[in-house]
file query-v6.txt (compact mmCIF, C-alpha atoms)
# COMPACT_ATOMS: atom_id res chain seq x y z
CA MET A 1 -46.69 -20.07 35.46
CA ASN A 2 -46.11 -18.17 38.69
CA ALA A 3 -44.31 -15.06 37.49
CA LYS A 4 -44.98 -11.88 39.45
CA PRO A 5 -47.60 -9.85 37.55
CA VAL A 6 -46.51 -6.65 35.81
CA SER A 7 -48.69 -3.83 34.48
CA HIS A 8 -48.83 -1.99 31.18
CA THR A 9 -47.15 0.96 32.94
CA ASP A 10 -44.32 -1.30 34.11
CA LEU A 11 -43.60 -2.27 30.50
CA ILE A 12 -43.98 1.10 28.80
CA ALA A 13 -40.19 1.52 28.40
CA ALA A 14 -39.42 -2.18 27.85
CA THR A 15 -37.88 -3.58 24.68
CA ALA A 16 -39.74 -5.97 22.39
CA ILE A 17 -37.74 -8.88 23.78
CA GLU A 18 -38.55 -7.84 27.34
CA VAL A 19 -42.26 -7.51 26.59
CA ARG A 20 -42.33 -10.96 24.96
CA ALA A 21 -40.47 -12.40 27.95
CA ALA A 22 -43.06 -10.94 30.34
CA ILE A 23 -45.84 -12.41 28.22
CA ARG A 24 -44.13 -15.80 27.87
CA SER A 25 -43.67 -16.06 31.65
CA GLY A 26 -47.32 -15.23 32.29
CA ALA A 27 -46.44 -11.99 34.08
CA TYR A 28 -48.31 -9.83 31.54
CA THR A 29 -51.63 -10.66 29.86
CA GLY A 30 -52.83 -7.18 28.84
CA HIS A 31 -53.07 -5.30 25.54
CA THR A 32 -49.94 -4.15 23.69
CA ALA A 33 -50.93 -0.66 22.50
CA GLY A 34 -48.07 1.74 23.21
CA LEU A 35 -45.54 -0.96 24.13
CA ALA A 36 -42.08 -1.42 22.54
CA ALA A 37 -42.28 1.88 20.69
CA GLY A 38 -40.60 1.74 17.30
CA LYS A 39 -41.16 -2.00 16.77
CA LEU A 40 -43.57 -3.71 14.41
CA GLN A 41 -46.70 -5.14 16.03
CA CYS A 42 -48.49 -8.03 14.32
CA ASN A 43 -51.93 -9.55 14.09
CA LEU A 44 -52.00 -13.33 13.76
CA ALA A 45 -53.84 -16.03 11.87
CA ILE A 46 -52.77 -19.62 12.62
CA LEU A 47 -54.45 -22.26 10.48
CA PRO A 48 -53.91 -25.72 8.96
CA GLU A 49 -51.63 -25.78 5.94
CA ARG A 50 -54.36 -27.06 3.61
CA TYR A 51 -56.20 -23.74 3.97
CA ALA A 52 -53.17 -21.44 4.08
CA LEU A 53 -52.72 -20.83 0.33
CA ASP A 54 -56.29 -19.61 -0.15
CA PHE A 55 -55.96 -17.46 2.96
CA LEU A 56 -52.77 -15.91 1.60
CA ARG A 57 -54.56 -15.26 -1.68
CA PHE A 58 -57.28 -13.50 0.30
CA CYS A 59 -54.67 -11.34 2.06
CA GLN A 60 -53.00 -10.47 -1.25
CA ARG A 61 -56.35 -9.30 -2.64
CA ASN A 62 -57.13 -7.25 0.49
CA PRO A 63 -53.82 -5.64 1.49
CA LYS A 64 -55.29 -2.76 3.51
CA PRO A 65 -56.80 -4.91 6.29
CA CYS A 66 -54.50 -7.91 5.71
CA PRO A 67 -50.90 -6.78 5.01
CA VAL A 68 -48.76 -9.93 5.29
CA VAL A 69 -45.49 -9.30 7.16
CA GLY A 70 -44.42 -12.87 7.95
CA VAL A 71 -45.26 -16.53 7.30
CA SER A 72 -43.91 -19.49 9.27
CA ASP A 73 -42.75 -22.83 8.00
CA THR A 74 -45.40 -25.51 8.43
CA GLY A 75 -45.42 -26.86 11.97
CA ASN A 76 -42.68 -24.50 13.17
CA PRO A 77 -43.72 -22.11 15.98
CA ALA A 78 -40.75 -19.82 15.28
CA LEU A 79 -40.91 -16.69 13.12
CA PRO A 80 -37.19 -15.97 12.56
CA THR A 81 -37.82 -13.22 10.00
CA LEU A 82 -39.64 -11.21 12.68
CA GLY A 83 -37.66 -12.09 15.83
CA ARG A 84 -34.81 -14.38 16.76
CA ASP A 85 -36.47 -15.96 19.79
CA ILE A 86 -40.18 -15.83 18.95
CA ASP A 87 -42.29 -18.80 19.99
CA ILE A 88 -45.75 -18.17 18.63
CA ARG A 89 -47.25 -20.62 21.13
CA THR A 90 -46.42 -18.44 24.14
CA ASP A 91 -45.43 -14.92 23.04
CA VAL A 92 -48.87 -13.35 22.60
CA SER A 93 -50.67 -12.13 25.71
CA LYS A 94 -54.04 -13.57 24.71
CA TYR A 95 -55.20 -15.87 21.92
CA ARG A 96 -58.57 -16.82 20.51
CA VAL A 97 -59.17 -20.46 19.54
CA PHE A 98 -61.92 -21.11 16.99
CA ARG A 99 -63.36 -24.55 16.21
CA ASP A 100 -65.75 -25.19 13.33
CA GLY A 101 -66.51 -21.51 12.95
CA ARG A 102 -67.18 -20.81 16.62
CA LEU A 103 -65.09 -19.14 19.31
CA SER A 104 -64.07 -21.96 21.62
CA GLU A 105 -61.92 -20.18 24.20
CA GLU A 106 -59.49 -17.38 24.95
CA VAL A 107 -56.17 -18.54 26.38
CA THR A 108 -52.75 -17.13 27.25
CA GLU A 109 -50.77 -19.85 25.45
CA ILE A 110 -51.48 -22.42 22.74
CA SER A 111 -48.85 -25.10 23.35
CA ASP A 112 -51.56 -27.72 23.87
CA GLU A 113 -53.23 -26.76 20.58
CA TRP A 114 -50.09 -26.85 18.47
CA THR A 115 -49.82 -29.48 15.73
CA ASP A 116 -47.29 -30.10 12.97
CA ASP A 117 -49.62 -28.95 10.17
CA LEU A 118 -50.19 -25.39 11.44
CA VAL A 119 -48.98 -22.29 9.58
CA THR A 120 -48.70 -18.85 11.19
CA VAL A 121 -49.48 -15.79 9.08
CA ALA A 122 -48.43 -12.50 10.69
CA LEU A 123 -50.22 -9.35 9.54
CA GLY A 124 -49.31 -5.71 10.07
CA CYS A 125 -51.08 -3.77 12.82
CA SER A 126 -52.08 -0.12 13.12
CA PHE A 127 -50.49 0.02 16.58
CA THR A 128 -47.22 0.27 14.65
CA PHE A 129 -47.79 3.77 13.24
CA GLU A 130 -49.19 5.21 16.48
CA ASN A 131 -45.68 5.95 17.72
CA ALA A 132 -45.14 8.14 14.64
CA LEU A 133 -48.41 9.98 15.29
CA LEU A 134 -47.40 10.68 18.89
CA HIS A 135 -43.97 11.95 17.82
CA ALA A 136 -45.73 14.39 15.49
CA GLY A 137 -47.84 15.71 18.35
CA ILE A 138 -51.04 14.01 17.20
CA PRO A 139 -52.98 12.63 20.18
CA VAL A 140 -53.86 8.93 20.32
CA ARG A 141 -56.75 8.78 22.75
CA HIS A 142 -56.72 5.12 23.72
CA ILE A 143 -53.01 5.29 24.59
CA GLU A 144 -53.54 8.51 26.57
CA THR A 145 -56.26 6.82 28.62
CA GLY A 146 -54.74 3.33 28.92
CA LEU A 147 -57.51 1.70 26.89
CA ASN A 148 -57.67 -0.69 23.97
CA VAL A 149 -58.36 0.85 20.55
CA PRO A 150 -62.05 0.74 19.53
CA MET A 151 -62.78 -1.62 16.63
CA PHE A 152 -65.91 -1.81 14.50
CA ARG A 153 -67.50 -4.03 11.88
CA THR A 154 -68.31 -2.18 8.65
CA ASN A 155 -70.33 -2.71 5.46
CA ILE A 156 -67.19 -2.61 3.25
CA ASP A 157 -67.03 -5.82 1.20
CA LEU A 158 -63.72 -7.60 0.68
CA GLU A 159 -62.41 -9.47 -2.36
CA PRO A 160 -63.02 -13.21 -1.79
CA ALA A 161 -60.58 -16.08 -2.26
CA GLY A 162 -61.72 -19.69 -1.98
CA ARG A 163 -63.80 -20.05 1.17
CA PHE A 164 -62.58 -16.71 2.60
CA HIS A 165 -64.85 -13.65 2.28
CA GLY A 166 -66.51 -10.98 4.42
CA GLN A 167 -66.50 -7.31 5.41
CA MET A 168 -63.74 -5.06 6.69
CA VAL A 169 -63.18 -4.26 10.37
CA VAL A 170 -61.77 -0.81 11.20
CA THR A 171 -60.13 0.92 14.13
CA MET A 172 -61.18 4.45 15.05
CA ARG A 173 -59.06 7.27 16.48
CA PRO A 174 -60.40 10.76 17.21
CA ILE A 175 -58.06 13.24 15.52
CA PRO A 176 -58.13 17.06 15.82
CA GLU A 177 -59.68 18.36 12.62
CA ASP A 178 -56.62 20.44 11.76
CA GLN A 179 -54.34 17.38 12.06
CA VAL A 180 -56.32 14.89 9.98
CA ALA A 181 -54.32 15.56 6.81
CA GLN A 182 -51.06 15.14 8.75
CA ALA A 183 -52.29 11.87 10.31
CA HIS A 184 -53.18 10.66 6.81
CA GLU A 185 -49.73 11.52 5.47
CA ILE A 186 -47.89 9.90 8.40
CA SER A 187 -49.84 6.64 8.38
CA ARG A 188 -49.55 6.44 4.58
CA ARG A 189 -45.83 5.77 5.10
CA PHE A 190 -46.65 2.48 6.83
CA PRO A 191 -48.33 0.34 4.14
CA GLN A 192 -47.43 -2.84 6.04
CA ALA A 193 -49.37 -1.47 9.04
CA HIS A 194 -52.62 -0.69 7.14
CA GLY A 195 -51.36 2.60 5.68
CA ALA A 196 -53.60 5.65 5.29
CA PRO A 197 -57.15 5.83 6.69
CA ILE A 198 -60.00 4.38 4.68
CA ALA A 199 -62.62 6.91 5.86
CA VAL A 200 -63.12 10.07 7.92
CA GLY A 201 -66.19 11.48 9.63
CA ASN A 202 -69.72 10.07 9.55
CA PRO A 203 -69.63 6.46 10.82
CA GLU A 204 -72.93 5.55 9.18
CA LYS A 205 -71.34 5.83 5.74
CA ILE A 206 -69.34 2.68 6.49
CA GLY A 207 -72.05 0.88 8.43
CA ILE A 208 -71.18 1.83 12.02
CA ALA A 209 -74.26 2.65 14.10
CA ASP A 210 -72.71 3.94 17.35
CA LEU A 211 -69.10 4.94 18.02
CA MET A 212 -69.69 4.48 21.75
CA GLN A 213 -70.47 0.79 21.21
CA PRO A 214 -67.40 -0.79 19.58
CA ASP A 215 -67.51 -4.44 18.57
CA TRP A 216 -64.10 -4.95 20.17
CA GLY A 217 -61.86 -2.81 22.36
CA ASP A 218 -62.99 0.20 24.40
CA ALA A 219 -65.08 3.26 23.60
CA VAL A 220 -63.07 6.50 23.66
CA GLU A 221 -64.14 10.11 24.02
CA ILE A 222 -64.44 12.26 20.89
CA ARG A 223 -63.83 15.84 21.99
CA ARG A 224 -64.91 19.15 20.51
CA GLY A 225 -62.87 19.93 17.40
CA GLU A 226 -62.03 16.27 16.75
CA VAL A 227 -63.30 13.98 14.00
CA PRO A 228 -63.36 10.17 13.92
CA VAL A 229 -60.78 8.69 11.56
CA TYR A 230 -60.96 5.03 10.50
CA TRP A 231 -58.13 2.70 9.56
CA ALA A 232 -58.37 -0.85 8.21
CA CYS A 233 -57.91 -3.34 11.05
CA GLY A 234 -56.20 -6.70 11.40
CA VAL A 235 -59.22 -8.09 13.25
CA THR A 236 -60.75 -8.35 9.76
CA PRO A 237 -59.27 -11.82 9.11
CA GLN A 238 -60.71 -13.05 12.42
CA ASN A 239 -64.22 -12.50 11.08
CA VAL A 240 -63.23 -14.01 7.76
CA LEU A 241 -61.73 -17.10 9.41
CA LEU A 242 -64.81 -17.43 11.61
CA ASP A 243 -67.14 -17.35 8.60
CA ALA A 244 -64.96 -19.90 6.79
CA GLY A 245 -65.80 -22.48 9.47
CA LEU A 246 -62.35 -24.08 9.65
CA PRO A 247 -62.05 -27.08 11.98
CA LEU A 248 -59.36 -25.14 13.89
CA CYS A 249 -57.85 -21.69 13.64
CA ILE A 250 -56.14 -19.49 16.21
CA THR A 251 -55.78 -15.72 16.27
CA HIS A 252 -54.60 -13.06 18.68
CA SER A 253 -57.28 -11.58 20.90
CA PRO A 254 -58.09 -8.05 19.64
CA GLY A 255 -55.49 -5.59 20.97
CA HIS A 256 -53.12 -8.36 22.11
CA MET A 257 -50.46 -8.34 19.40
CA LEU A 258 -47.22 -10.13 18.70
CA ILE A 259 -44.40 -7.60 19.07
CA ALA A 260 -41.58 -8.21 16.58
CA ASP A 261 -37.93 -7.16 16.65
CA VAL A 262 -38.29 -5.53 13.21
CA ALA A 263 -38.29 -1.73 13.24
CA GLU A 264 -41.65 -0.19 12.43
CA ASP A 265 -40.09 1.89 9.63
CA ALA A 266 -37.89 -0.87 8.18
CA GLU A 267 -37.80 -1.09 4.40
CA THR A 268 -38.83 -4.75 4.63
CA THR A 269 -40.14 -6.92 7.45
CA ILE A 270 -37.25 -9.37 7.19
CA LEU A 271 -35.11 -9.08 10.31
CA LYS A 272 -31.48 -8.36 9.46
CA GLN A 273 -29.15 -11.00 10.89

call {"tool": "encode", "arguments": {"input": "query-v6.txt", "output": "structure tokens"}}
result
Amino acid sequence: MNAKPVSHTDLIAATAIEVRAAIRSGAYTGHTAGLAAGKLQCNLAILPERYALDFLRFCQRNPKPCPVVGVSDTGNPALPTLGRDIDIRTDVSKYRVFRDGRLSEEVTEISDEWTDDLVTVALGCSFTFENALLHAGIPVRHIETGLNVPMFRTNIDLEPAGRFHGQMVVTMRPIPEDQVAQAHEISRRFPQAHGAPIAVGNPEKIGIADLMQPDWGDAVEIRRGEVPVYWACGVTPQNVLLDAGLPLCITHSPGHMLIADVAEDAETTILKQ
């Protein structure tokens, strides 16, 4: 692909379709935080059909980190309930390919990996509710600074299903202390995008040693008068899939989401025709 590169700033006012087109052409390979405001952003898990039912059971038992918003037909790269022209092989800016429980590579398309037994599971993403926080005047530090949201492993155990088990991953956003309750109330309205925070304050209580050393994403400044607030994160199933040791599974790279055509505040995640 030889498309002229575009930046995050170039796409800040673009529609979901325009962002996906830039990604599909190879013009944009960056993170999607702050893009296509008002549209649902999705984490991805792509796995062979024979493992999909147990994985969906796992998601049903752990809805905070794994809120299912879409499931493809077996072998079909389209997700028509989330967008009319989505091709899951090309419309995410960066993918992770795992083989036998190990990260094999990060790539910008997966056409060569696609087989007719793969199922795509789309999961809600906390990027979705950030637009609502900004509209309410609540700062979102990683968007302000053009960074990827910091993500951390925790000690919070998840409910297992079949071969799928593990601990929760969280995102962290510094929130002014006097706006924490408001941030909680706003994000609570988005249960399909992880909903309300799962913890506030001391990171050690949930097994995080150092907020300046995220496991994924970028460290962000926590300023005087702010407290760290933690939301369940859609990177959780990546760890779970990794531990399951599947012969092949594919996910988004952390921070590089699928942007859907569904409105972030839609009653359901089924795109109206």

call {"tool": "atom_distance", "arguments": {"input": "query-v6.txt", "atom1": "CA of Glu185 (chain A)", "atom2": "CA of Pro197 (chain A)"}}
result
9.4 Å

call {"tool": "closest_residue", "arguments": {"input": "query-v6.txt", "among": "A:Ala263, A:Val6, A:Ala181, A:Ile175", "to": "Pro139 (chain A)", "atoms": "only C-alpha atoms"}}
result
A:Ile175

call {"tool": "closest_residue", "arguments": {"input": "query-v6.txt", "among": "A:Val119, A:Ile222, A:Val97, A:Ala13", "to": "Gly75 (chain A)", "atoms": "all atoms listed in the file"}}
result
A:Val119

call {"tool": "closest_residue", "arguments": {"input": "query-v6.txt", "among": "A:Thr115, A:Asn76, A:Gln41, A:Asn148", "to": "Asp218 (chain A)", "atoms": "only C-alpha atoms"}}
result
A:Asn148

call {"tool": "closest_residue", "arguments": {"input": "query-v6.txt", "among": "A:Cys249, A:Leu147, A:Met168, A:Leu40", "to": "Val262 (chain A)", "atoms": "all atoms listed in the file"}}
result
A:Leu40

call {"tool": "atom_distance", "arguments": {"input": "query-v6.txt", "atom1": "CA of Lys4 (chain A)", "atom2": "CA of Ala78 (chain A)"}}
result
25.8 Å

call {"tool": "atom_distance", "arguments": {"input": "query-v6.txt", "atom1": "CA of Trp216 (chain A)", "atom2": "CA of His142 (chain A)"}}
result
13.0 Å

call {"tool": "residues_around", "arguments": {"input": "query-v6.txt", "residues": "region 99-104 of chain A", "least_positions_apart": "6", "cutoff": "10 Å", "atoms": "all atoms listed in the file", "output": "list in words"}}
result
Asn239, Val240, Leu241, Leu242, Asp243, Ala244, Gly245, Leu246, Pro247, Leu248, Cys249 and Ile250 of chain A

call {"tool": "residues_around", "arguments": {"input": "query-v6.txt", "residues": "region 53-65 of chain A", "least_positions_apart": "5", "cutoff": "6 Å", "atoms": "all atoms listed in the file", "output": "list in words"}}
result
Ala161, Gly162, His194, Ala232, Cys233 and Gly234 of chain A

call {"tool": "closest_residue", "arguments": {"input": "query-v6.txt", "among": "A:Gly207, A:Gly30, A:Pro174, A:Pro228", "to": "Glu144 (chain A)", "atoms": "only C-alpha atoms"}}
result
A:Pro174

call {"tool": "closest_residue", "arguments": {"input": "query-v6.txt", "among": "A:Ala45, A:Met212, A:Ala219, A:Leu82", "to": "Ala266 (chain A)", "atoms": "all atoms listed in the file"}}
result
A:Leu82

call {"tool": "residues_around", "arguments": {"input": "query-v6.txt", "residues": "Ala183 (chain A)", "least_positions_apart": "6", "cutoff": "10 Å", "atoms": "all atoms listed in the file", "output": "ChimeraX atom specification"}}
result
/A:129-130,132-134,136-139,175-176,196-197,229

call {"tool": "residues_near_point", "arguments": {"input": "query-v6.txt", "point": "(-67.7, 0.7, 14.1)", "cutoff": "12 Å", "atoms": "all atoms listed in the file", "output": "number ranges by chain"}}
result
A: 149-156, 167-173, 199, 201-219, 228-233

call {"tool": "residues_around", "arguments": {"input": "query-v6.txt", "residues": "Asp178 (chain A)", "least_positions_apart": "6", "cutoff": "10 Å", "atoms": "all atoms listed in the file", "output": "PyMOL selection string"}}
result
chain A and resi 225-227

call {"tool": "residues_near_point", "arguments": {"input": "query-v6.txt", "point": "(-54.3, -4.5, 21.2)", "cutoff": "8 Å", "atoms": "only C-alpha atoms", "output": "list in words"}}
result
His31, Thr32, Ala33, Phe127, Asn148, Val149, Gly217, Ser253, Pro254, Gly255, His256 and Met257 of chain A
